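Enquirer: Take a look at target15.cif, mmCIF, C-alpha atoms and all ligand atoms:
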data_my_file
#
loop_
_atom_site.label_atom_id
_atom_site.label_comp_id
_atom_site.auth_asym_id
_atom_site.auth_seq_id
_atom_site.Cartn_x
_atom_site.Cartn_y
_atom_site.Cartn_z
CA MET A 10 55.36 80.94 98.27
CA SER A 11 55.39 84.53 99.46
CA PHE A 12 53.80 86.37 102.37
CA ASP A 13 53.60 90.15 102.29
CA ALA A 14 53.91 92.50 105.23
CA GLY A 15 50.32 93.73 104.70
CA TRP A 16 48.95 90.22 105.25
CA LEU A 17 51.17 89.64 108.28
CA ASP A 18 50.05 92.97 109.79
CA LEU A 19 46.40 92.13 109.10
CA ARG A 20 46.65 88.82 110.94
CA ALA A 21 48.89 90.08 113.77
CA PRO A 22 46.14 91.08 116.27
CA ALA A 23 44.33 87.73 115.80
CA ASP A 24 47.64 85.88 116.19
CA ALA A 25 48.50 87.79 119.36
CA ALA A 26 45.08 87.02 120.86
CA ALA A 27 45.28 83.36 119.83
CA ARG A 28 48.66 82.36 121.30
CA ALA A 29 48.21 79.95 124.21
CA PRO A 30 49.29 82.13 127.17
CA ASP A 31 50.61 79.27 129.32
CA LEU A 32 53.00 77.95 126.67
CA LEU A 33 54.20 81.45 125.79
CA ALA A 34 54.86 82.14 129.48
CA ARG A 35 56.77 78.86 129.88
CA ALA A 36 58.85 79.54 126.77
CA ARG A 37 59.61 83.04 128.05
CA THR A 38 60.63 81.67 131.46
CA TYR A 39 62.85 79.05 129.84
CA LEU A 40 64.51 81.67 127.64
CA THR A 41 65.14 84.20 130.37
CA ALA A 42 66.59 81.64 132.80
CA THR A 43 69.91 82.49 131.13
CA PRO A 44 70.70 86.23 131.18
CA GLY A 45 71.15 87.69 127.68
CA ALA A 46 69.86 84.48 126.07
CA LEU A 47 69.55 84.25 122.30
CA ALA A 48 66.40 83.07 120.50
CA LEU A 49 66.35 82.03 116.84
CA ASP A 50 63.02 82.65 115.09
CA LEU A 51 62.47 80.56 111.94
CA GLY A 52 60.29 82.11 109.23
CA ALA A 53 60.31 85.32 111.25
CA GLY A 54 58.52 87.52 108.73
CA THR A 55 58.29 90.99 110.26
CA GLY A 56 59.27 89.67 113.71
CA ALA A 57 55.88 88.94 115.29
CA THR A 58 57.23 86.16 117.53
CA ALA A 59 59.86 88.44 119.06
CA ARG A 60 57.17 91.07 119.68
CA ALA A 61 54.92 88.44 121.31
CA PHE A 62 57.70 87.55 123.77
CA ALA A 63 58.19 91.27 124.57
CA THR A 64 60.98 90.32 126.95
CA PRO A 65 63.75 92.77 127.80
CA GLY A 66 67.28 91.38 127.89
CA VAL A 67 66.61 88.68 125.28
CA ARG A 68 68.54 88.76 122.00
CA TRP A 69 66.80 87.73 118.77
CA ARG A 70 68.14 86.21 115.57
CA LEU A 71 65.35 86.55 112.98
CA LEU A 72 65.65 84.20 110.00
CA ASP A 73 63.57 84.31 106.83
CA ALA A 74 64.00 83.73 103.09
CA ASP A 75 62.36 87.09 102.32
CA PRO A 76 64.72 90.08 102.72
CA ASP A 77 61.84 92.59 102.41
CA LEU A 78 60.06 91.10 105.41
CA LEU A 79 63.29 91.09 107.38
CA ALA A 80 63.78 94.79 106.52
CA HIS A 81 60.39 95.44 108.17
CA ALA A 82 61.49 93.30 111.12
CA ALA A 83 64.72 95.27 111.50
CA GLN A 84 62.76 98.55 111.60
CA ARG A 85 60.43 97.22 114.29
CA THR A 86 63.03 95.38 116.37
CA PRO A 87 66.26 97.29 115.67
CA ALA A 88 68.34 95.30 118.16
CA ALA A 89 67.60 92.01 116.41
CA GLU A 90 70.06 90.26 114.13
CA THR A 91 68.54 89.27 110.77
CA VAL A 92 69.54 86.30 108.62
CA VAL A 93 68.31 85.81 105.05
CA MET A 94 68.24 82.05 104.55
CA ASP A 95 66.14 79.38 102.87
CA LEU A 96 64.94 76.96 105.54
CA SER A 97 65.10 74.03 103.13
CA ARG A 98 68.76 73.88 104.26
CA LEU A 99 68.31 72.82 107.88
CA ASP A 100 71.94 71.68 108.08
CA ALA A 101 72.94 75.36 107.79
CA LEU A 102 70.75 76.68 110.64
CA PRO A 103 72.69 79.35 112.57
CA LEU A 104 72.35 77.70 116.00
CA ALA A 105 75.55 79.00 117.62
CA GLY A 106 74.75 80.51 121.01
CA VAL A 107 71.00 79.84 120.70
CA ARG A 108 68.94 78.71 123.75
CA LEU A 109 65.44 78.60 122.22
CA VAL A 110 64.25 78.07 118.64
CA THR A 111 60.90 79.65 117.81
CA ALA A 112 58.49 79.70 114.87
CA SER A 113 54.98 81.03 114.32
CA ALA A 114 52.60 80.16 111.49
CA LEU A 115 55.34 78.15 109.81
CA LEU A 116 55.17 74.44 110.63
CA ASP A 117 52.13 73.68 108.46
CA LEU A 118 54.24 74.55 105.39
CA ALA A 119 56.71 71.77 106.20
CA SER A 120 57.02 68.15 105.12
CA ALA A 121 57.34 65.19 107.49
CA GLN A 122 60.99 64.79 106.55
CA TRP A 123 61.75 68.47 107.27
CA LEU A 124 60.04 68.30 110.67
CA ASP A 125 61.88 65.10 111.55
CA THR A 126 65.20 66.66 110.57
CA LEU A 127 64.39 69.80 112.59
CA ALA A 128 63.64 67.66 115.64
CA ARG A 129 66.97 65.86 115.28
CA ARG A 130 68.87 69.17 114.86
CA LEU A 131 67.21 70.47 118.05
CA ALA A 132 68.12 67.30 119.92
CA GLN A 133 71.75 67.37 118.74
CA ALA A 134 72.07 71.00 119.86
CA ASN A 135 70.07 70.43 123.08
CA LEU A 136 67.65 73.27 122.24
CA ALA A 137 64.10 73.98 123.38
CA VAL A 138 61.48 74.92 120.80
CA TYR A 139 58.35 77.11 120.86
CA ALA A 140 56.28 76.72 117.66
CA ALA A 141 52.98 78.60 117.67
CA LEU A 142 49.94 79.05 115.44
CA THR A 143 50.13 75.87 113.38
CA TYR A 144 46.88 75.27 111.48
CA ASP A 145 45.15 72.07 112.69
CA GLY A 146 42.61 71.52 109.88
CA SER A 147 39.45 72.66 111.65
CA LEU A 148 37.26 75.48 110.35
CA GLU A 149 33.97 76.46 111.98
CA TRP A 150 31.53 79.02 110.62
CA THR A 151 28.45 80.76 111.99
CA PRO A 152 25.96 80.53 110.42
CA ALA A 153 26.70 77.13 108.92
CA HIS A 154 26.44 76.56 105.15
CA PRO A 155 25.85 73.22 103.36
CA ASP A 156 29.18 73.56 101.48
CA ASP A 157 31.33 74.21 104.57
CA ALA A 158 32.63 70.63 104.74
CA ALA A 159 33.44 70.39 101.03
CA VAL A 160 35.25 73.73 101.06
CA ALA A 161 37.21 72.76 104.19
CA ALA A 162 38.20 69.44 102.60
CA GLY A 163 39.41 71.25 99.46
CA PHE A 164 41.31 73.84 101.51
CA ASN A 165 42.97 71.13 103.59
CA ARG A 166 43.97 69.25 100.41
CA HIS A 167 45.55 72.49 99.18
CA GLN A 168 47.41 72.81 102.50
CA ARG A 169 49.18 69.56 101.69
CA GLY A 170 50.81 70.88 98.52
CA GLU A 171 54.52 71.59 98.10
CA LYS A 172 55.41 74.73 100.07
CA GLY A 173 59.18 74.63 99.74
CA LEU A 174 60.10 72.86 102.97
CA GLY A 175 61.30 69.42 102.01
CA GLY A 176 58.37 68.02 100.01
CA PRO A 177 54.55 67.98 100.27
CA ALA A 178 53.49 69.99 103.32
CA LEU A 179 51.85 68.17 106.21
CA GLY A 180 49.41 71.05 106.77
CA PRO A 181 47.07 70.04 109.62
CA ASP A 182 49.29 67.07 110.56
CA ALA A 183 52.44 69.14 111.05
CA ALA A 184 52.18 69.90 114.76
CA PRO A 185 51.36 66.28 115.77
CA CYS A 186 54.25 65.13 113.57
CA LEU A 187 56.77 67.43 115.26
CA ALA A 188 55.37 66.60 118.70
CA ALA A 189 55.79 62.87 118.01
CA ALA A 190 59.34 63.29 116.65
CA LEU A 191 60.40 65.35 119.68
CA THR A 192 58.78 62.89 122.09
CA ARG A 193 60.69 60.00 120.46
CA LEU A 194 63.89 61.97 121.06
CA GLY A 195 63.12 62.40 124.76
CA PHE A 196 61.83 65.98 124.75
CA ARG A 197 59.14 67.01 127.20
CA VAL A 198 56.41 68.26 124.84
CA SER A 199 53.35 70.40 125.61
CA VAL A 200 50.68 71.32 123.08
CA ALA A 201 47.76 73.73 123.51
CA ALA A 202 44.98 75.04 121.28
CA SER A 203 45.40 78.57 119.88
CA PRO A 204 42.47 79.13 117.52
CA TRP A 205 41.76 82.31 115.61
CA ARG A 206 38.33 83.57 116.73
CA LEU A 207 37.19 85.97 114.05
CA HIS A 208 34.33 88.45 113.77
CA PRO A 209 33.37 90.40 110.62
CA GLY A 210 36.18 92.57 109.33
CA ALA A 211 39.11 92.75 106.93
CA LEU A 212 40.88 89.63 108.24
CA LEU A 213 37.76 87.47 108.02
CA ASP A 214 37.14 88.75 104.46
CA ALA A 215 40.72 88.05 103.37
CA LEU A 216 40.72 84.63 105.03
CA THR A 217 37.42 83.68 103.39
CA ASP A 218 38.74 84.79 99.98
CA GLY A 219 41.93 82.79 100.52
CA ILE A 220 40.10 79.64 101.59
CA ALA A 221 37.68 79.89 98.63
CA ALA A 222 40.56 80.40 96.16
CA ALA A 223 42.62 77.53 97.58
CA ALA A 224 39.66 75.13 97.65
CA ALA A 225 38.74 76.14 94.07
CA GLU A 226 42.26 75.21 92.95
CA THR A 227 41.56 71.66 94.14
CA GLY A 228 38.36 71.49 92.04
CA VAL A 229 35.74 72.53 94.61
CA GLU A 230 32.99 74.88 93.35
CA THR A 231 33.21 77.75 95.85
CA ARG A 232 31.33 80.71 94.29
CA ALA A 233 27.98 80.17 96.05
CA TRP A 234 29.79 79.43 99.32
CA ARG A 235 31.88 82.62 99.08
CA GLN A 236 28.79 84.73 98.40
CA ALA A 237 26.91 83.19 101.32
CA ARG A 238 29.93 83.71 103.57
CA ALA A 239 29.38 87.51 103.32
CA ALA A 240 26.85 86.83 106.09
CA THR A 241 29.38 85.17 108.42
CA VAL A 242 29.09 86.52 111.95
CA PHE A 243 31.81 84.34 113.50
CA ALA A 244 34.53 81.95 112.35
CA SER A 245 37.03 79.83 114.22
CA VAL A 246 40.26 78.54 112.65
CA GLY A 247 41.89 75.74 114.62
CA GLN A 248 45.59 76.19 115.46
CA VAL A 249 47.96 74.69 118.00
CA ASP A 250 51.02 75.91 119.88
CA LEU A 251 53.84 73.63 121.00
CA PHE A 252 56.59 74.08 123.59
CA ALA A 253 59.21 71.39 124.13
CA THR A 254 62.32 71.19 126.27
CA PRO A 255 65.21 68.84 125.48
CA PRO A 256 66.05 65.80 127.61
CA ALA A 257 68.95 67.50 129.37
CA ALA A 258 66.74 70.45 130.37
CA SER A 259 64.00 68.11 131.62
CA ALA A 260 66.54 66.13 133.65
CA GLN A 261 67.92 69.39 135.08
CA SER A 262 64.49 70.68 136.06
CA LYS A 263 63.62 67.30 137.65
CA THR A 264 66.88 67.41 139.63
CA THR A 265 66.16 70.97 140.67
CA SER A 266 62.65 70.20 141.86
CA VAL A 267 63.80 67.06 143.74
CA SER A 268 66.60 68.88 145.54
CA SER A 269 64.51 71.98 146.34
CA PRO A 270 63.22 72.20 149.92
C1 LIG B 1 52.81 82.84 107.60
S1 LIG B 1 54.33 83.68 107.59
C2 LIG B 1 54.63 83.86 109.33
C3 LIG B 1 55.58 84.98 109.67
C4 LIG B 1 55.79 85.25 111.14
N1 LIG B 1 56.39 84.08 111.80
C5 LIG B 1 54.50 85.63 111.83
O1 LIG B 1 54.02 84.88 112.69
O2 LIG B 1 53.97 86.71 111.52
C6 LIG B 1 55.51 82.41 107.13
C7 LIG B 1 56.92 82.96 107.04
O3 LIG B 1 57.79 81.89 106.70
C8 LIG B 1 58.71 82.33 105.73
N2 LIG B 1 59.14 81.18 104.94
C9 LIG B 1 58.36 80.34 104.23
N3 LIG B 1 59.11 79.40 103.62
C10 LIG B 1 60.39 79.67 103.96
C11 LIG B 1 61.64 79.06 103.64
N4 LIG B 1 61.71 77.99 102.84
N5 LIG B 1 62.77 79.59 104.17
C12 LIG B 1 62.70 80.67 105.00
N6 LIG B 1 61.55 81.29 105.33
C13 LIG B 1 60.41 80.80 104.81
C14 LIG B 1 57.94 83.35 104.90
O4 LIG B 1 58.78 84.24 104.19
C15 LIG B 1 57.10 84.04 105.97
O5 LIG B 1 57.77 85.13 106.52
#
Spell out the structure here as structure tokens.
Expert:
Amino acid sequence: MSFDAGWLDLRAPADAAARAPDLLARARTYLTATPGALALDLGAGTGATARAFATPGVRWRLLDADPDLLAHAAQRTPAAETVVMDLSRLDALPLAGVRLVTASALLDLASAQWLDTLARRLAQANLAVYAALTYDGSLEWTPAHPDDAAVAAGFNRHQRGEKGLGGPALGPDAAPCLAAALTRLGFRVSVAASPWRLHPGALLDALTDGIAAAAAETGVETRAWRQARAATVFASVGQVDLFATPPAASAQSKTTSVSSP
């Protein structure tokens, strides 16, 4: 599947407002504890995650399958290294020198097997992970419409199609799946809500079109719903952010806090 820079730019302000501030701050603190630390952003697109961190002294390695998006990223964050790579090959992740792995609006495209493998790669390399803006399956609309539930069910079915990351995507179950895999491996995992809160405008229009089209592909009749949705005054799209530190880091921070006066 492809994502163009216009769509990523359209969603960028809503993404920036949605990120859970506490988890972003903790990820930033973790990253900057080592001077000149390197972060690897998976599915970087035009580099929105690096811009969200906005942290001087941090080096970024931006990875994506789409060279056009990475060209935009290189213009916006000239100091960043860019890597064109298909993430279906997790064994080839360029982890050398990395302290934190990040991703935004990516996990819901991934299968359970891919997420499990990612967790094991992170554990082997003793790396923390910050994964933001993963869709959680909840859509709320004001005013309500009788077809909201049917359209949401169709959209969520569509979310579970093959998206190129190791098999059928987990969609709304992706973040809990990664959280569980990391917890099993001894990571300290935190999760926080990061919903889009949308008012009338171009993003809400594009989102509504996209949801209607995706639900229609699963057999839901969406025309009346889409027409009625022209009157939407507010919509909320559920998302979650995750930050997890590896066992060695947790042990270190425990030791530090015990030995501090
Ligand atoms: C929804 S966009 C998010 C982009 C960016 N992280 C952001 O928050 O604006 C998903 C990104 O994942 C990338 N992507 C999807 N599947 C991929 C794959 N198999 N390998 C590498 N990148 C992939 C897309 O090219 C796109 O840039």
Enquirer: Which chains and residue numbers are within 7 Å of ligand LIG 1 (chain B), counting all atoms listed in the file, if I want them as a ChimeraX atom specification?
Expert: /A:10-12,17,21,51-58,72-75,78,94-97,112-115,172-174
Enquirer: Calculated over all atoms listed in the file, which of the candidates A:Leu40, A:Thr227, A:Arg70, A:Leu104 has the smallest distance to Thr91 (chain A)?
Expert: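 Closest to Thr91 (chain A), using all atoms listed in the file: A:Arg70.
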Enquirer: Using all atoms listed in the file for the distances, tell me which of A:Asp182, A:Asp157, A:Asp125, A:Asp117 is nearest to Ala233 (chain A).
Expert: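 Using all atoms listed in the file, Ala233 (chain A) sits closest to A:Asp157.
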Enquirer: Counting only C-alpha atoms, which residues in region 168-210 of chain A sit no more than 9 Å from region 134-144 of chain A? For each one, give the nearest pair of atoms and the distance in Å, sorted by chain then residue number, as a Markdown table.
Expert:
| residue | atom | partner | partner_atom | distance |
| --- | --- | --- | --- | --- |
| A:Gly180 | CA | A:Tyr144 | CA | 6.8 |
| A:Pro181 | CA | A:Tyr144 | CA | 5.6 |
| A:Asp182 | CA | A:Tyr144 | CA | 8.6 |
| A:Ala183 | CA | A:Thr143 | CA | 7.5 |
| A:Ala184 | CA | A:Thr143 | CA | 6.5 |
| A:Phe196 | CA | A:Ala137 | CA | 8.4 |
| A:Ala202 | CA | A:Leu142 | CA | 8.6 |
| A:Ser203 | CA | A:Leu142 | CA | 6.4 |
| A:Pro204 | CA | A:Leu142 | CA | 7.8 |
| A:Trp205 | CA | A:Leu142 | CA | 8.8 |
Enquirer: Calculated over all atoms listed in the file, which of the candidates A:Thr217, A:Ser245, A:Gln236, A:Thr86 has the smallest distance to Glu149 (chain A)?
Expert: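 Going through A:Thr217, A:Ser245, A:Gln236, A:Thr86 one by one, the smallest distance to Glu149 (chain A) is for A:Ser245.
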Enquirer: What does the distance from CA of Arg235 (chain A) to CA of Asp18 (chain A) come to in Å, to one decimal?
Expert: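 Separating CA of Arg235 (chain A) from CA of Asp18 (chain A) is a distance of 23.5 Å.
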Enquirer: For Arg98 (chain A), which residue among A:Ser120, A:Gly175, A:Thr151, A:Arg129 is the nearest when counting only C-alpha atoms?
Expert: A:Gly175
Enquirer: What is the distance, in Å and to one decimal place, between CA of Phe164 (chain A) and CA of Ala224 (chain A)?
Expert: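 Straight-line distance from CA of Phe164 (chain A) to CA of Ala224 (chain A) works out to 4.4 Å.
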Enquirer: Would you mind telling me which residue in A:Gly15, A:Gly170, A:Gly106, A:Pro185 lies nearest to Leu251 (chain A) when using only C-alpha atoms?
Expert: A:Pro185
Enquirer: Rounded to one decimal in Å, what is the spacing between CA of Leu131 (chain A) and CA of Arg60 (chain A)?
Expert: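 Going from CA of Leu131 (chain A) over to CA of Arg60 (chain A) covers 23.0 Å.
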Enquirer: Rank nothing, just name the residue among A:Ala61, A:Leu127, A:Ala48, A:Pro255 nearest to Ala89 (chain A), using only C-alpha atoms.
Expert: A:Ala48
Enquirer: Applying 12 Å and only C-alpha atoms, which residues near Thr241 (chain A) remain after dropping the ones on its own chain fewer than 6 positions away? List them as a ChimeraX atom specification.
Expert: /A:149-154,157,207-210,213-214,216-217,234-235
Enquirer: Take every atom of region 152-165 of chain A listed in the file, fit an axis-aligned box around them, add 8 Å per side, and give the centre and edge lengths in Å to one decimal as lines of an AutoDock Vina configuration file.
Expert:
center_x = 34.4
center_y = 75.0
center_z = 104.9
size_x = 33.1
size_y = 27.1
size_z = 27.0
Enquirer: Write out as a list in words each polymer residue whose atoms come within 12 Å of Ala159 (chain A), counting all atoms listed in the file; drop sequence neighbours fewer than 2 positions from it.
Expert: Leu148, His154, Pro155, Asp156, Asp157, Ala161, Ala162, Gly163, Phe164, Asn165, Arg166, Ile220, Ala221, Ala224, Ala225, Thr227, Gly228, Val229, Glu230, Thr231 and Trp234 of chain A
Enquirer: Please provide as a ChimeraX atom specification all residues within 10 Å of Leu194 (chain A), with the sequence filter that same-chain residues fewer than 3 positions apart are discarded (counting all atoms listed in the file).
Expert: /A:128-129,131-133,188-191,197,255-256
Enquirer: Could you extract region 181-219 of chain A of the given structure into a file holding N, CA and C atoms, as a JSON list (two decimals), in the first residue's frame?
Expert:
[["chain", "number", "residue", "atom", "x", "y", "z"],
["A", 181, "PRO", "N", -6.71, -2.89, 14.83],
["A", 181, "PRO", "CA", -6.92, -2.42, 16.20],
["A", 181, "PRO", "C", -6.25, -3.27, 17.29],
["A", 182, "ASP", "N", -5.88, -4.51, 16.97],
["A", 182, "ASP", "CA", -5.25, -5.35, 18.00],
["A", 182, "ASP", "C", -3.72, -5.25, 18.02],
["A", 183, "ALA", "N", -3.17, -4.40, 17.15],
["A", 183, "ALA", "CA", -1.71, -4.39, 17.00],
["A", 183, "ALA", "C", -0.99, -3.89, 18.25],
["A", 184, "ALA", "N", -1.45, -2.78, 18.80],
["A", 184, "ALA", "CA", -0.73, -2.22, 19.96],
["A", 184, "ALA", "C", -0.80, -3.17, 21.16],
["A", 185, "PRO", "N", -1.99, -3.73, 21.50],
["A", 185, "PRO", "CA", -2.01, -4.71, 22.60],
["A", 185, "PRO", "C", -1.11, -5.91, 22.33],
["A", 186, "CYS", "N", -1.03, -6.33, 21.06],
["A", 186, "CYS", "CA", -0.19, -7.48, 20.72],
["A", 186, "CYS", "C", 1.28, -7.17, 20.98],
["A", 187, "LEU", "N", 1.73, -6.00, 20.53],
["A", 187, "LEU", "CA", 3.15, -5.65, 20.76],
["A", 187, "LEU", "C", 3.41, -5.46, 22.26],
["A", 188, "ALA", "N", 2.45, -4.82, 22.95],
["A", 188, "ALA", "CA", 2.63, -4.61, 24.39],
["A", 188, "ALA", "C", 2.77, -5.95, 25.11],
["A", 189, "ALA", "N", 1.95, -6.92, 24.73],
["A", 189, "ALA", "CA", 2.00, -8.24, 25.39],
["A", 189, "ALA", "C", 3.33, -8.94, 25.07],
["A", 190, "ALA", "N", 3.76, -8.87, 23.81],
["A", 190, "ALA", "CA", 5.01, -9.54, 23.43],
["A", 190, "ALA", "C", 6.19, -8.93, 24.19],
["A", 191, "LEU", "N", 6.22, -7.61, 24.29],
["A", 191, "LEU", "CA", 7.33, -6.94, 25.00],
["A", 191, "LEU", "C", 7.29, -7.27, 26.49],
["A", 192, "THR", "N", 6.09, -7.31, 27.06],
["A", 192, "THR", "CA", 5.96, -7.62, 28.49],
["A", 192, "THR", "C", 6.49, -9.03, 28.77],
["A", 193, "ARG", "N", 6.13, -9.98, 27.88],
["A", 193, "ARG", "CA", 6.63, -11.37, 28.04],
["A", 193, "ARG", "C", 8.15, -11.40, 28.03],
["A", 194, "LEU", "N", 8.77, -10.48, 27.29],
["A", 194, "LEU", "CA", 10.22, -10.46, 27.17],
["A", 194, "LEU", "C", 10.89, -9.62, 28.26],
["A", 195, "GLY", "N", 10.09, -9.13, 29.21],
["A", 195, "GLY", "CA", 10.65, -8.43, 30.36],
["A", 195, "GLY", "C", 10.75, -6.92, 30.20],
["A", 196, "PHE", "N", 10.22, -6.37, 29.11],
["A", 196, "PHE", "CA", 10.23, -4.91, 28.95],
["A", 196, "PHE", "C", 9.29, -4.27, 29.96],
["A", 197, "ARG", "N", 9.59, -3.02, 30.31],
["A", 197, "ARG", "CA", 8.65, -2.22, 31.08],
["A", 197, "ARG", "C", 7.85, -1.41, 30.06],
["A", 198, "VAL", "N", 6.54, -1.69, 29.97],
["A", 198, "VAL", "CA", 5.71, -1.15, 28.88],
["A", 198, "VAL", "C", 4.68, -0.15, 29.42],
["A", 199, "SER", "N", 4.60, 0.99, 28.77],
["A", 199, "SER", "CA", 3.55, 1.98, 29.09],
["A", 199, "SER", "C", 2.75, 2.27, 27.83],
["A", 200, "VAL", "N", 1.43, 2.39, 28.01],
["A", 200, "VAL", "CA", 0.54, 2.66, 26.88],
["A", 200, "VAL", "C", -0.37, 3.82, 27.28],
["A", 201, "ALA", "N", -0.62, 4.73, 26.35],
["A", 201, "ALA", "CA", -1.52, 5.86, 26.64],
["A", 201, "ALA", "C", -2.36, 6.17, 25.41],
["A", 202, "ALA", "N", -3.56, 6.68, 25.66],
["A", 202, "ALA", "CA", -4.45, 7.04, 24.55],
["A", 202, "ALA", "C", -3.93, 8.28, 23.82],
["A", 203, "SER", "N", -4.11, 8.27, 22.48],
["A", 203, "SER", "CA", -3.68, 9.42, 21.67],
["A", 203, "SER", "C", -4.67, 9.64, 20.52],
["A", 204, "PRO", "N", -5.93, 9.88, 20.87],
["A", 204, "PRO", "CA", -6.96, 9.95, 19.81],
["A", 204, "PRO", "C", -6.83, 11.19, 18.94],
["A", 205, "TRP", "N", -7.21, 11.03, 17.68],
["A", 205, "TRP", "CA", -7.46, 12.20, 16.83],
["A", 205, "TRP", "C", -8.77, 12.80, 17.30],
["A", 206, "ARG", "N", -8.82, 14.11, 17.45],
["A", 206, "ARG", "CA", -10.06, 14.82, 17.79],
["A", 206, "ARG", "C", -10.28, 15.84, 16.68],
["A", 207, "LEU", "N", -11.24, 15.52, 15.81],
["A", 207, "LEU", "CA", -11.35, 16.25, 14.54],
["A", 207, "LEU", "C", -12.62, 17.09, 14.46],
["A", 208, "HIS", "N", -12.44, 18.30, 13.94],
["A", 208, "HIS", "CA", -13.55, 19.21, 13.65],
["A", 208, "HIS", "C", -13.65, 19.35, 12.12],
["A", 209, "PRO", "N", -14.76, 19.93, 11.62],
["A", 209, "PRO", "CA", -14.91, 20.00, 10.16],
["A", 209, "PRO", "C", -13.70, 20.62, 9.47],
["A", 210, "GLY", "N", -13.33, 20.01, 8.35],
["A", 210, "GLY", "CA", -12.17, 20.48, 7.60],
["A", 210, "GLY", "C", -11.69, 19.40, 6.65],
["A", 211, "ALA", "N", -10.57, 19.67, 6.00],
["A", 211, "ALA", "CA", -10.08, 18.78, 4.94],
["A", 211, "ALA", "C", -9.72, 17.39, 5.49],
["A", 212, "LEU", "N", -9.12, 17.32, 6.68],
["A", 212, "LEU", "CA", -8.75, 16.00, 7.21],
["A", 212, "LEU", "C", -9.98, 15.17, 7.53],
["A", 213, "LEU", "N", -10.97, 15.80, 8.16],
["A", 213, "LEU", "CA", -12.20, 15.05, 8.48],
["A", 213, "LEU", "C", -12.87, 14.57, 7.19],
["A", 214, "ASP", "N", -12.91, 15.41, 6.16],
["A", 214, "ASP", "CA", -13.51, 15.00, 4.87],
["A", 214, "ASP", "C", -12.76, 13.81, 4.28],
["A", 215, "ALA", "N", -11.43, 13.91, 4.26],
["A", 215, "ALA", "CA", -10.63, 12.83, 3.66],
["A", 215, "ALA", "C", -10.77, 11.54, 4.47],
["A", 216, "LEU", "N", -10.77, 11.67, 5.79],
["A", 216, "LEU", "CA", -10.92, 10.50, 6.65],
["A", 216, "LEU", "C", -12.27, 9.83, 6.42],
["A", 217, "THR", "N", -13.33, 10.65, 6.35],
["A", 217, "THR", "CA", -14.67, 10.11, 6.16],
["A", 217, "THR", "C", -14.76, 9.40, 4.81],
["A", 218, "ASP", "N", -14.19, 10.01, 3.77],
["A", 218, "ASP", "CA", -14.16, 9.35, 2.45],
["A", 218, "ASP", "C", -13.44, 8.01, 2.55],
["A", 219, "GLY", "N", -12.29, 8.01, 3.21],
["A", 219, "GLY", "CA", -11.48, 6.79, 3.31],
["A", 219, "GLY", "C", -12.20, 5.69, 4.07]]
